[in-house]
Structures are given as C-alpha cells and as structure tokens.
Amino acid sequence: MKKSIETSLPFPAQQIMVDIDYKKVEKPSGVSYFLLVLISETKNRMENISKLLVRFGVPESLHDIFAAEMDHLIAHNIITANKGTYDARLFSGYEIGHFEMTQLGQKIFADEVIPTGETITKSVKVWYDPRTGTYSTAYGRKAGSIEKNTLTEAFCKSFEKENDDDLRQFIEARKNVDFGLKREEAITDIKVRQIDHMFATYDVAFSLDTEGFATVSFEDEHSARFAKEHYDSAFIQKSMDVKKKFQTNKENMFKDIGIQTYEQVSNLILPRDLEEASQKTGSFVIARKSTYVNQDAIVDSKILPNYPDAICALINKPGKAQVLTLGRCAFDMPDIGWNIKMNLVVEETLGEHESENLLEHALSFVPNQYSKGSLSHLIRLLNLTSQQDKVIRRFELFFPEQDEDIMNVLKEIKTEGMTLPGPFLEIYRKQALKLVDNMLGTIRIDNLDVLIPSLKWLYTQTKASEAEQIAAIASQFKVSDVEMPRLYNALVSQGYEIRDVLSFFNVFDHYAGQVFDKTPIDSRDNDMATDFSQIQSGYTTMLELLGINDYTDLITREDINNELFTKTYVATMRVVNKLSTYRKLSKHFETIMNAMDKFHSISDVLSVETKALTDPESITRKMVETFRRTSEYFKMVIYLSVKLEYVLGSLLGYKTRFQVMIKDAHKKGLYTRDEKDLLDRMRVYRNNLVHDTGVKGQAEYSFLDDVIPIVFALEEKMDEQSGRH
C-alpha cells in the first residue's frame, strides 16, 4: 500500500533594504542646447564661435553667458576642448572645431536632458530568493519571520552576498520600471543598508509505503535542488514535528513502531484527522480511552488484546472493522539521503470473524434502559452486522412492562427526533398499538378528556388513518344523545377533522333536529351547538314576527316588523351558510334550508316594502306605470299598496289595519262599492305575496290598471283636503 502525505517545508528568503545614489537630470537650458546644436551641426569647423553666434542673431553682449555655459558643459564631461584647454575669458577667440561632444554629450543631445550636478539617495526594498538565486521587487507569496520557524539565523545568513554585481545589474535594469528613476539618471552607488531574514513555505509530498520506504516530490525544481543541497534528515524531522497536522487534538502519545510490523495496513491517516476518521458516516467506535476519539464512542480499556497499542476500533460494514494505532513510523528515502520519523495514525483491517466478535463486544456495552446514546449505538450497530436479530432484541429491551413506562420511552424517542430504521420502527409502532388496545379497554365517558389526548398521540405514531382511529374509539360506546356532544368535543379538541368525527358522532343532525322540535340547544356544548342555537333563535323569532307556528303555515298578519325580520333573516342565513358544508349529513338540515328559502322570499317582499315606506309621498303614478310597463308586477303591487295606505291615513286622519281603513273610507263616500272591491282585491294580493312570491301572469294583474287611477284620484282629494291646490 502506498500513501501520499502532503505537507510543506520552509525555505529562506531575504528582504533587503537598499540605498541608491543617482545624479538627477533635467531638460537642458536654451543656451546649453544652442551650444550643443552649433557644435554638432556646424560643418565649417574653422569658423569663429563668436562670429557664428552673431550670425545666428546672438549679440556680443550675451556672449559671456555662452562662455560660462561652455565651461559648465566641459565640467560635466558633456563637451571636451581640444587638448583639454579652455578659458572662458578667451571665448571669442575659439574656433567651433576646438570643441567636440563626448559620448555622454551625444546621449544627452539625443535624449534632450542634462545632469544638474545634484546627487540624490533613494531607499528601496528588494527580495532575494536563495532557492533561485534571483532578485525581485515582490516575493510572490506570504513570508514570515524566521523566529517563527525552524530555520536558524546562521543558516539564513550563509546566503547573504557582499558587493553583489547581480543586485546592481537588477536595479540598473529595473530602475525606471520598479524604482521610480528616469532612464537617463545615472546610478553612482548602491549600498545594502539592512537584510531581514524571512521564510516562505513550499509544498512537498511524501509517498510512503508499508515497507518503510518513501520518496519525496517538491512543488518546483528550485525547491527540490535547494532541499537536496542544504537540508538534512535532522532539519526535515524538526520541521515535520512542529506541524499541527502531525499532532492530534488530544494529548496522545506516539509510540516508535516500524511500519513493517503492521500486518494489514489499509490506510495511513494524519493525526489531526484522527477524530474525523473515527466519525466516518455510519461508523461505530470502541475506544481504549475517552480522550482518544469522539465522545459518542464506547470506552473499553480491555479492547483488542491482540492489538495492545491500538487506541480505538471502527466498525464500518458487516464483517469489516479497523483498528487505529498512533505510531511514530520510520521511513528511509535513499534517493535524497533522508531518514525521518512521521507521527501517523495507522489503520489496520480485521478479518470477518474478528470483526463480528468486536461487534458482539460492542453490543454488550449498550444498556437495557433507553437513552439517546444507547439508541444511537443500536441504530449504527444494526447497519453494521449480519446478525441483526441480536440488535433488534436489544432494542426491544428498551420497553418495560408498565404502560406508563412504555409511554415515557415512546415519547422520549419521539422527542429526540431520531430516524428509526425499519425493524426498530416496526417495534416502536407495535408498542404504541399495544398501549392503544389497553387504553381502549378502559375508556369511559368520565375519562374521555384524559385518555383521548394520549390515544391521539399514540395513533400518530402508527399508520392508522383518522377515520380508523375514530372508528376504534366509537366501537367502545353505545352512544346516547346525551353522550354524543361530549364524545364529539373530546375528539375535535384533539385536532380530529370535524367531518370524520361527524361520521360516527353526528351531533350535526342531532342539533338540526332540535331546531324544529323546539328542544333548547345548550350553546355551551361546543361551537356547532352555538351555531345551531343561533339558528333556532332566529327561526323562532321570524315565526313570531310572521304570526305563524310553522314555516309552512299561511301568513295572515299584516303588521310585520319589516326591519327586524330582515335583520334576523340575514344573521340566521349567515350561520346556515357556514354549516351547509355538512348538509348531506342531516335530513333535518334540509328542512332548515327549505324554511330559509321561504323566509328569503318573504325578506325580498319586505325589503321592497321597507324601501317604499321610506317616502310614500314620493311614489308617483309614473313610477307605478313604469313597473307595469317593465312587468315588475311584484313591485307594482307593493308600491300601490304603500301609496294607498299612506293616502287613506291622511284622508281619515288616523291609521289602523289596512283592511279597516279601506272599509272606513268607503263609508265616508271616498269611492264607490266597486272601487272598494278593487282595492280589497289588491290588498289580498299584497298579503299573498308574503306567503307566495311566485310571479303572477300579466292577466292576473290586469285589474291593477283600474286600481291605479283610484289611488291617485284619492291622492288629489288628499291634496285638496290639505289645501295644496
């Protein structure tokens, strides 16, 4: 088996502070540049320089300035004089050929800059990488102080370089790119002011085998070359030992053991990953000490007598287990000449028989009494053995004999929210059904409120539907009308669907029947009783307002309180509509719907009449004739009746029953006998509308054509009597 262990090694780096001295340059002055042009471009080298200036427009009064500038250019090695002789006082006597531009002068003339004579010092930071022997302005990765690493200062100092031409060449080449100098500015000196020794890490990978040999690969060839030339086994060992990945999170001891002594090595694990390795998905852990691995492990100091140095065992699959040992394993790397010891967690695979014995051992540690930890152990063990019956029998021991204790265990398991595997879930449900059967055998009317909540909870742990649950409870009772509301309340209060409960305890039909047999409904029973009590009250009130005993009776009463009747009808109908979703469960409720249909018709008539009564004086002949033209005979009768009653009351000076008023007005001679008969006929039609609102045919209303002129002729008499005309 081969295993690659990735880590890193430190390598030295230098951060160098350098002072650069250089000559500042600037654009040449007009005088300087003019002289450089004359010297460079004049072909007649024997021409007098003073006459040449005059010819180009420079008066002799300014020649002293040119003489002084020539002296400056010669001093800075930009111009050279023949035989090195030049006297500014004799400027006017020199020929132009006496002067030549130096190599520097030619460069300045081409670049159009000239030294100022001022020397400037600039401090810069440069990095040196001993691995590559190169300089840079940025190191390219994070670097730290060697005080925090295994590199010694003496080792790092050994890579310092004095009077380094490579450093000077690097700065010269990069002066105008990285260091802010102009290309024309000449560097006169470079001084190293300070060297800070740093380190940076580069990746390495060790390929290990179980024969005790290893090879190493580096991140790049520079790291490989440097390590082979400068690092020995002692340094590598020291560098590895300080790394956290080769240490565990606990205070564990690594024992020197040759890797060759392990028989069935299946993996080599970094110590920092020990806890993660012991918590593989589905793994069951038995540890020698609680400090070795995660807290859920079973701890047994006598585990695995054949593996005295093992810290824990992992059971991952049926018939397959591993043991983990902390070993300080030696590896030889002949290709590089290193010998190192590495702290590793060695994983060995056990045989099938030994793995099953280990599982039996683990099962013996699970207590018979339920706890979350014990259940967690059993769930994992169930998936890790081919002998599941043993684990299932251990789970059954969690449930004691007493019903109360069983209920507590069921609730604890539910509260923990752990997902039970199939075999455990089946046992869990059987225990719940066992309690259901026991409770059903003791359920009575007087203990409903105590047992129904428990039964409901137990049923939710099984696959029984709500209908099945209610049927089982109902089977325990011979229900009377007195007991039915209480059973209904007990079930609905626990969240059972009302429709399911009504299928067995039909209080809906029970209360609907009480509406008509006038048995008082106790609104305190439940919400449904409250609703039916309101319907019963509204039904009774509407019968009283109509002066009848049953909704099928003929209505003869004329003085109906329209407003109260309509208000009562609307409020009652609102409750009827609310309960109508259950109407198919009760024939009595169908009777209620029929009664409300009748009251709806009456309410329509009374609503129209109420509107007409708000202002009977405003009812005009045109309005009534419009109703006739649009075939609204219903409104025509109502509005004519209201108008007639209003006019007769004014003419007679009093108001009494409509029938009496028509009779009294005839006695006073307000209309003929035939006219009285027509008015009485309209009154009867109006009363019949309250009882039967079927729309009459036009022929049956034709007599109203004769009533209209009678009513509005009486209105004219009323107006004459009141003095309006």
# chains A, B, ... in the order shown; residues from 1 in each chain; ligands from 1
call {"tool": "select_by_dssp", "arguments": {"residues": "region 117-167 of chain A", "states": "strand (DSSP E)", "output": "ChimeraX atom specification"}}
result
/A:117-129,134-136,144-145
call {"tool": "select_by_dssp", "arguments": {"residues": "region 99-339 of chain A", "states": "helix (DSSP H, G or I)", "output": "VMD selection string"}}
result
chain A and resid 103 to 111 146 to 148 153 to 157 165 to 178 221 to 230 233 to 241 244 to 246 259 to 261 271 to 277
call {"tool": "atom_distance", "arguments": {"atom1": "CA of Val707 (chain A)", "atom2": "CA of Leu679 (chain A)"}}
result
6.6 Å
call {"tool": "atom_distance", "arguments": {"atom1": "CA of Glu715 (chain A)", "atom2": "CA of Leu644 (chain A)"}}
result
8.3 Å
call {"tool": "atom_distance", "arguments": {"atom1": "CA of Glu172 (chain A)", "atom2": "CA of Met101 (chain A)"}}
result
25.0 Å
call {"tool": "residues_around", "arguments": {"residues": "region 609-626 of chain A", "least_positions_apart": "3", "cutoff": "7 Å", "atoms": "only C-alpha atoms", "output": "list in words"}}
result
Asn562, Val605, Leu606, Arg629, Thr630, Met636, Ile638, Tyr639, Val642, Lys643, Tyr646 and Phe712 of chain A
call {"tool": "write_last_selection", "arguments": {"atoms": "C-alpha atoms", "output": "compact mmCIF listing (two decimals), in the first residue's frame"}}
result
# COMPACT_ATOMS: atom_id res chain seq x y z
CA ASN A 562 -90.02 44.57 8.27
CA VAL A 605 -91.00 41.34 -0.30
CA LEU A 606 -90.40 43.13 2.98
CA ARG A 629 -94.57 48.52 -18.43
CA THR A 630 -91.46 46.54 -17.37
CA MET A 636 -96.25 47.44 -8.67
CA ILE A 638 -96.19 46.76 -3.16
CA TYR A 639 -95.77 50.41 -4.15
CA VAL A 642 -97.99 51.55 0.37
CA LYS A 643 -99.26 54.63 -1.50
CA TYR A 646 -100.47 56.45 3.20
CA PHE A 712 -104.02 58.67 -7.43
call {"tool": "closest_residue", "arguments": {"among": "A:Asp232, A:Asp273, A:Glu263, A:Asp449", "to": "Ile336 (chain A)", "atoms": "only C-alpha atoms"}}
result
A:Asp232
call {"tool": "residues_around", "arguments": {"residues": "region 312-314 of chain A", "least_positions_apart": "2", "cutoff": "6 Å", "atoms": "only C-alpha atoms", "output": "list in words"}}
result
Phe284, Val285, Ile286, Ala287, Arg288, Ala310, Ala321, Gln322, Val323 and Leu324 of chain A
call {"tool": "closest_residue", "arguments": {"among": "A:Lys578, A:Arg444, A:Arg328, A:Arg55", "to": "Lys341 (chain A)", "atoms": "only C-alpha atoms"}}
result
A:Arg328
call {"tool": "closest_residue", "arguments": {"among": "A:Gln237, A:Thr188, A:Ser454, A:Ser92", "to": "Glu118 (chain A)", "atoms": "only C-alpha atoms"}}
result
A:Thr188
call {"tool": "closest_residue", "arguments": {"among": "A:Gly495, A:Pro130, A:Pro305, A:Pro421", "to": "Ile452 (chain A)", "atoms": "only C-alpha atoms"}}
result
A:Gly495
call {"tool": "residues_around", "arguments": {"residues": "region 145-151 of chain A", "least_positions_apart": "2", "cutoff": "9 Å", "atoms": "only C-alpha atoms", "output": "short mmCIF file (atom, residue, chain, number, x, y, z; two decimals) with all heavy atoms, in the first residue's frame"}}
result
data_model
loop_
_atom_site.label_atom_id
_atom_site.label_comp_id
_atom_site.auth_asym_id
_atom_site.auth_seq_id
_atom_site.Cartn_x
_atom_site.Cartn_y
_atom_site.Cartn_z
N PRO A 10 9.91 24.85 4.99
CA PRO A 10 10.28 26.27 4.94
C PRO A 10 11.55 26.47 4.10
O PRO A 10 12.47 25.64 4.13
CB PRO A 10 10.52 26.60 6.41
CG PRO A 10 11.02 25.32 7.00
CD PRO A 10 10.31 24.22 6.27
N PHE A 11 11.59 27.57 3.39
CA PHE A 11 12.77 27.95 2.61
C PHE A 11 13.11 29.39 2.93
O PHE A 11 12.21 30.22 3.14
CB PHE A 11 12.51 27.78 1.11
CG PHE A 11 12.41 26.35 0.68
CD1 PHE A 11 11.22 25.65 0.80
CD2 PHE A 11 13.52 25.69 0.16
CE1 PHE A 11 11.12 24.33 0.40
CE2 PHE A 11 13.43 24.36 -0.24
CZ PHE A 11 12.24 23.68 -0.12
N PRO A 12 14.44 29.72 2.95
CA PRO A 12 14.84 31.09 3.33
C PRO A 12 14.50 32.09 2.23
O PRO A 12 14.44 31.77 1.05
CB PRO A 12 16.34 30.97 3.54
CG PRO A 12 16.75 29.82 2.67
CD PRO A 12 15.61 28.85 2.71
N ALA A 143 5.41 35.62 3.34
CA ALA A 143 6.70 35.34 4.01
C ALA A 143 6.60 35.76 5.47
O ALA A 143 5.93 36.74 5.81
CB ALA A 143 7.84 36.07 3.31
N GLU A 153 19.08 31.46 12.17
CA GLU A 153 19.60 32.71 11.62
C GLU A 153 20.95 32.48 10.93
O GLU A 153 21.22 33.06 9.87
CB GLU A 153 19.74 33.75 12.73
CG GLU A 153 20.16 35.13 12.21
CD GLU A 153 20.15 36.18 13.29
OE1 GLU A 153 19.84 35.85 14.46
OE2 GLU A 153 20.46 37.35 12.98
N ALA A 154 21.78 31.63 11.54
CA ALA A 154 23.09 31.35 10.95
C ALA A 154 22.95 30.73 9.57
O ALA A 154 23.68 31.08 8.63
CB ALA A 154 23.89 30.43 11.87
N PHE A 155 22.00 29.82 9.45
CA PHE A 155 21.77 29.18 8.16
C PHE A 155 21.34 30.21 7.12
O PHE A 155 21.83 30.23 5.98
CB PHE A 155 20.70 28.09 8.31
CG PHE A 155 20.31 27.41 7.03
CD1 PHE A 155 21.13 26.46 6.44
CD2 PHE A 155 19.13 27.75 6.39
CE1 PHE A 155 20.78 25.85 5.25
CE2 PHE A 155 18.76 27.14 5.20
CZ PHE A 155 19.59 26.19 4.64
N CYS A 156 20.45 31.09 7.53
CA CYS A 156 19.95 32.09 6.58
C CYS A 156 21.03 33.10 6.21
O CYS A 156 21.11 33.55 5.05
CB CYS A 156 18.73 32.81 7.17
SG CYS A 156 17.30 31.72 7.36
N ASP A 196 16.69 41.57 6.16
CA ASP A 196 15.79 40.86 7.09
C ASP A 196 15.62 39.44 6.57
O ASP A 196 15.20 39.23 5.42
CB ASP A 196 14.42 41.55 7.15
CG ASP A 196 14.50 42.92 7.81
OD1 ASP A 196 15.29 43.06 8.76
OD2 ASP A 196 13.78 43.84 7.36
N HIS A 197 15.94 38.49 7.43
CA HIS A 197 15.84 37.09 7.03
C HIS A 197 14.43 36.57 7.29
O HIS A 197 13.93 36.62 8.42
CB HIS A 197 16.89 36.25 7.76
CG HIS A 197 18.29 36.60 7.33
ND1 HIS A 197 18.80 36.24 6.11
CD2 HIS A 197 19.28 37.31 7.97
CE1 HIS A 197 20.03 36.70 6.00
NE2 HIS A 197 20.35 37.36 7.11
N MET A 198 13.81 36.06 6.25
CA MET A 198 12.42 35.61 6.30
C MET A 198 12.37 34.14 5.83
O MET A 198 13.39 33.56 5.47
CB MET A 198 11.54 36.46 5.38
CG MET A 198 11.77 37.97 5.48
SD MET A 198 11.12 38.67 7.01
CE MET A 198 9.37 38.77 6.58
N PHE A 199 11.15 33.60 5.84
CA PHE A 199 10.97 32.27 5.27
C PHE A 199 9.61 32.21 4.57
O PHE A 199 8.69 32.98 4.87
CB PHE A 199 11.04 31.19 6.36
CG PHE A 199 9.74 31.02 7.11
CD1 PHE A 199 8.82 30.04 6.73
CD2 PHE A 199 9.44 31.83 8.20
CE1 PHE A 199 7.63 29.90 7.41
CE2 PHE A 199 8.25 31.69 8.88
CZ PHE A 199 7.34 30.71 8.49
N ALA A 200 9.50 31.30 3.64
CA ALA A 200 8.22 31.01 2.98
C ALA A 200 8.14 29.51 2.78
O ALA A 200 9.17 28.84 2.67
CB ALA A 200 8.12 31.73 1.63
N PHE A 235 16.98 18.37 10.05
CA PHE A 235 16.17 19.56 9.79
C PHE A 235 14.76 19.17 9.33
O PHE A 235 13.76 19.75 9.78
CB PHE A 235 16.84 20.43 8.72
CG PHE A 235 16.02 21.61 8.32
CD1 PHE A 235 15.95 22.73 9.13
CD2 PHE A 235 15.27 21.59 7.14
CE1 PHE A 235 15.16 23.81 8.77
CE2 PHE A 235 14.49 22.66 6.77
CZ PHE A 235 14.44 23.79 7.58
N LYS A 238 12.74 17.97 12.33
CA LYS A 238 12.34 19.09 13.17
C LYS A 238 11.17 19.85 12.54
O LYS A 238 10.21 20.24 13.22
CB LYS A 238 13.53 20.02 13.39
CG LYS A 238 13.26 21.19 14.33
CD LYS A 238 14.52 22.02 14.51
CE LYS A 238 14.26 23.22 15.42
NZ LYS A 238 15.47 24.08 15.54
N SER A 239 11.26 20.05 11.25
CA SER A 239 10.21 20.78 10.54
C SER A 239 8.88 20.02 10.56
O SER A 239 7.81 20.63 10.62
CB SER A 239 10.63 21.06 9.09
OG SER A 239 11.78 21.89 9.05
N VAL A 242 6.95 19.97 14.25
CA VAL A 242 6.27 21.17 14.76
C VAL A 242 4.94 21.42 14.04
O VAL A 242 4.18 22.29 14.46
CB VAL A 242 7.17 22.42 14.61
CG1 VAL A 242 8.44 22.26 15.42
CG2 VAL A 242 7.49 22.71 13.14
#
call {"tool": "decode", "arguments": {"residues": "region 585-700 of chain A", "atoms": "C-alpha atoms", "output": "PDB file, in the first residue's frame"}}
result
ATOM      1  CA  LEU A 585     -75.226  14.514   6.885  1.00  0.00           C
ATOM      2  CA  SER A 586     -78.714  15.555   8.019  1.00  0.00           C
ATOM      3  CA  LYS A 587     -82.264  15.472   6.588  1.00  0.00           C
ATOM      4  CA  HIS A 588     -83.255  17.894   9.319  1.00  0.00           C
ATOM      5  CA  PHE A 589     -80.827  20.408   7.890  1.00  0.00           C
ATOM      6  CA  GLU A 590     -82.551  20.106   4.506  1.00  0.00           C
ATOM      7  CA  THR A 591     -85.755  21.204   6.253  1.00  0.00           C
ATOM      8  CA  ILE A 592     -83.891  24.199   7.664  1.00  0.00           C
ATOM      9  CA  MET A 593     -82.742  25.084   4.134  1.00  0.00           C
ATOM     10  CA  ASN A 594     -86.368  24.867   2.886  1.00  0.00           C
ATOM     11  CA  ALA A 595     -87.547  27.159   5.673  1.00  0.00           C
ATOM     12  CA  MET A 596     -84.789  29.648   4.892  1.00  0.00           C
ATOM     13  CA  ASP A 597     -85.798  29.606   1.205  1.00  0.00           C
ATOM     14  CA  LYS A 598     -89.321  30.597   2.287  1.00  0.00           C
ATOM     15  CA  PHE A 599     -88.009  33.299   4.592  1.00  0.00           C
ATOM     16  CA  HIS A 600     -85.744  34.523   1.797  1.00  0.00           C
ATOM     17  CA  SER A 601     -88.832  35.177  -0.376  1.00  0.00           C
ATOM     18  CA  ILE A 602     -90.578  36.986   2.455  1.00  0.00           C
ATOM     19  CA  SER A 603     -87.461  39.012   3.139  1.00  0.00           C
ATOM     20  CA  ASP A 604     -87.377  40.109  -0.504  1.00  0.00           C
ATOM     21  CA  VAL A 605     -91.002  41.344  -0.296  1.00  0.00           C
ATOM     22  CA  LEU A 606     -90.398  43.130   2.979  1.00  0.00           C
ATOM     23  CA  SER A 607     -87.216  44.720   1.672  1.00  0.00           C
ATOM     24  CA  VAL A 608     -89.107  46.243  -1.255  1.00  0.00           C
ATOM     25  CA  GLU A 609     -91.899  47.344   1.066  1.00  0.00           C
ATOM     26  CA  THR A 610     -89.436  48.890   3.514  1.00  0.00           C
ATOM     27  CA  LYS A 611     -87.885  50.896   0.695  1.00  0.00           C
ATOM     28  CA  ALA A 612     -91.332  52.085  -0.453  1.00  0.00           C
ATOM     29  CA  LEU A 613     -92.281  53.067   3.110  1.00  0.00           C
ATOM     30  CA  THR A 614     -89.275  55.350   3.472  1.00  0.00           C
ATOM     31  CA  ASP A 615     -91.026  58.033   1.406  1.00  0.00           C
ATOM     32  CA  PRO A 616     -94.565  57.045   0.307  1.00  0.00           C
ATOM     33  CA  GLU A 617     -95.364  60.608  -0.663  1.00  0.00           C
ATOM     34  CA  SER A 618     -92.763  60.435  -3.467  1.00  0.00           C
ATOM     35  CA  ILE A 619     -94.461  57.411  -5.099  1.00  0.00           C
ATOM     36  CA  THR A 620     -95.904  58.750  -8.354  1.00  0.00           C
ATOM     37  CA  ARG A 621     -98.305  57.424 -10.956  1.00  0.00           C
ATOM     38  CA  LYS A 622     -95.463  57.498 -13.499  1.00  0.00           C
ATOM     39  CA  MET A 623     -93.324  55.305 -11.241  1.00  0.00           C
ATOM     40  CA  VAL A 624     -96.089  52.713 -10.831  1.00  0.00           C
ATOM     41  CA  GLU A 625     -96.863  52.677 -14.539  1.00  0.00           C
ATOM     42  CA  THR A 626     -93.158  52.115 -15.238  1.00  0.00           C
ATOM     43  CA  PHE A 627     -93.272  48.965 -13.076  1.00  0.00           C
ATOM     44  CA  ARG A 628     -96.300  47.803 -15.100  1.00  0.00           C
ATOM     45  CA  ARG A 629     -94.575  48.519 -18.434  1.00  0.00           C
ATOM     46  CA  THR A 630     -91.456  46.541 -17.369  1.00  0.00           C
ATOM     47  CA  SER A 631     -93.632  43.688 -15.998  1.00  0.00           C
ATOM     48  CA  GLU A 632     -92.406  44.268 -12.407  1.00  0.00           C
ATOM     49  CA  TYR A 633     -95.854  43.404 -11.019  1.00  0.00           C
ATOM     50  CA  PHE A 634     -94.322  42.426  -7.704  1.00  0.00           C
ATOM     51  CA  LYS A 635     -93.101  45.991  -7.097  1.00  0.00           C
ATOM     52  CA  MET A 636     -96.249  47.438  -8.673  1.00  0.00           C
ATOM     53  CA  VAL A 637     -98.495  45.812  -6.045  1.00  0.00           C
ATOM     54  CA  ILE A 638     -96.185  46.764  -3.160  1.00  0.00           C
ATOM     55  CA  TYR A 639     -95.771  50.410  -4.150  1.00  0.00           C
ATOM     56  CA  LEU A 640     -99.534  50.885  -4.897  1.00  0.00           C
ATOM     57  CA  SER A 641    -100.436  49.318  -1.522  1.00  0.00           C
ATOM     58  CA  VAL A 642     -97.986  51.554   0.374  1.00  0.00           C
ATOM     59  CA  LYS A 643     -99.260  54.627  -1.504  1.00  0.00           C
ATOM     60  CA  LEU A 644    -102.929  53.751  -0.805  1.00  0.00           C
ATOM     61  CA  GLU A 645    -102.286  53.104   2.895  1.00  0.00           C
ATOM     62  CA  TYR A 646    -100.472  56.446   3.197  1.00  0.00           C
ATOM     63  CA  VAL A 647    -103.258  58.409   1.384  1.00  0.00           C
ATOM     64  CA  LEU A 648    -106.089  56.779   3.364  1.00  0.00           C
ATOM     65  CA  GLY A 649    -104.349  57.505   6.642  1.00  0.00           C
ATOM     66  CA  SER A 650    -104.141  61.182   5.675  1.00  0.00           C
ATOM     67  CA  LEU A 651    -107.778  61.409   4.470  1.00  0.00           C
ATOM     68  CA  LEU A 652    -109.187  59.582   7.502  1.00  0.00           C
ATOM     69  CA  GLY A 653    -106.912  61.321   9.993  1.00  0.00           C
ATOM     70  CA  TYR A 654    -105.900  58.080  11.623  1.00  0.00           C
ATOM     71  CA  LYS A 655    -104.084  54.838  10.824  1.00  0.00           C
ATOM     72  CA  THR A 656    -105.325  51.354  11.626  1.00  0.00           C
ATOM     73  CA  ARG A 657    -105.384  47.956   9.906  1.00  0.00           C
ATOM     74  CA  PHE A 658    -105.265  48.305   6.134  1.00  0.00           C
ATOM     75  CA  GLN A 659    -108.488  46.329   5.660  1.00  0.00           C
ATOM     76  CA  VAL A 660    -110.374  48.559   8.149  1.00  0.00           C
ATOM     77  CA  MET A 661    -109.084  51.754   6.555  1.00  0.00           C
ATOM     78  CA  ILE A 662    -110.365  50.668   3.103  1.00  0.00           C
ATOM     79  CA  LYS A 663    -113.768  49.910   4.636  1.00  0.00           C
ATOM     80  CA  ASP A 664    -113.975  53.219   6.586  1.00  0.00           C
ATOM     81  CA  ALA A 665    -113.007  55.300   3.559  1.00  0.00           C
ATOM     82  CA  HIS A 666    -115.881  53.703   1.603  1.00  0.00           C
ATOM     83  CA  LYS A 667    -118.305  54.544   4.394  1.00  0.00           C
ATOM     84  CA  LYS A 668    -117.179  58.193   4.144  1.00  0.00           C
ATOM     85  CA  GLY A 669    -118.024  58.101   0.458  1.00  0.00           C
ATOM     86  CA  LEU A 670    -114.479  58.496  -0.816  1.00  0.00           C
ATOM     87  CA  TYR A 671    -115.109  55.877  -3.533  1.00  0.00           C
ATOM     88  CA  THR A 672    -117.792  53.534  -4.822  1.00  0.00           C
ATOM     89  CA  ARG A 673    -118.564  49.952  -3.845  1.00  0.00           C
ATOM     90  CA  ASP A 674    -116.918  48.616  -6.995  1.00  0.00           C
ATOM     91  CA  GLU A 675    -113.823  50.696  -6.321  1.00  0.00           C
ATOM     92  CA  LYS A 676    -113.691  49.333  -2.756  1.00  0.00           C
ATOM     93  CA  ASP A 677    -113.786  45.766  -4.099  1.00  0.00           C
ATOM     94  CA  LEU A 678    -110.850  46.537  -6.410  1.00  0.00           C
ATOM     95  CA  LEU A 679    -108.828  47.996  -3.514  1.00  0.00           C
ATOM     96  CA  ASP A 680    -109.596  44.974  -1.302  1.00  0.00           C
ATOM     97  CA  ARG A 681    -108.547  42.672  -4.108  1.00  0.00           C
ATOM     98  CA  MET A 682    -105.164  44.482  -4.326  1.00  0.00           C
ATOM     99  CA  ARG A 683    -104.761  44.212  -0.515  1.00  0.00           C
ATOM    100  CA  VAL A 684    -105.294  40.430  -0.682  1.00  0.00           C
ATOM    101  CA  TYR A 685    -102.731  40.135  -3.498  1.00  0.00           C
ATOM    102  CA  ARG A 686    -100.230  42.077  -1.421  1.00  0.00           C
ATOM    103  CA  ASN A 687    -100.772  39.704   1.541  1.00  0.00           C
ATOM    104  CA  ASN A 688    -100.439  36.673  -0.702  1.00  0.00           C
ATOM    105  CA  LEU A 689     -97.062  37.912  -1.900  1.00  0.00           C
ATOM    106  CA  VAL A 690     -95.707  37.464   1.594  1.00  0.00           C
ATOM    107  CA  HIS A 691     -96.893  33.885   1.593  1.00  0.00           C
ATOM    108  CA  ASP A 692     -96.232  33.032  -2.055  1.00  0.00           C
ATOM    109  CA  THR A 693     -93.974  35.158  -4.245  1.00  0.00           C
ATOM    110  CA  GLY A 694     -94.479  33.208  -7.413  1.00  0.00           C
ATOM    111  CA  VAL A 695     -94.711  35.834 -10.169  1.00  0.00           C
ATOM    112  CA  LYS A 696     -98.310  36.205 -11.357  1.00  0.00           C
ATOM    113  CA  GLY A 697     -99.080  36.404 -15.017  1.00  0.00           C
ATOM    114  CA  GLN A 698     -99.887  39.715 -16.581  1.00  0.00           C
ATOM    115  CA  ALA A 699    -103.585  38.729 -16.935  1.00  0.00           C
ATOM    116  CA  GLU A 700    -103.913  38.180 -13.188  1.00  0.00           C
TER     117      GLU A 700
END
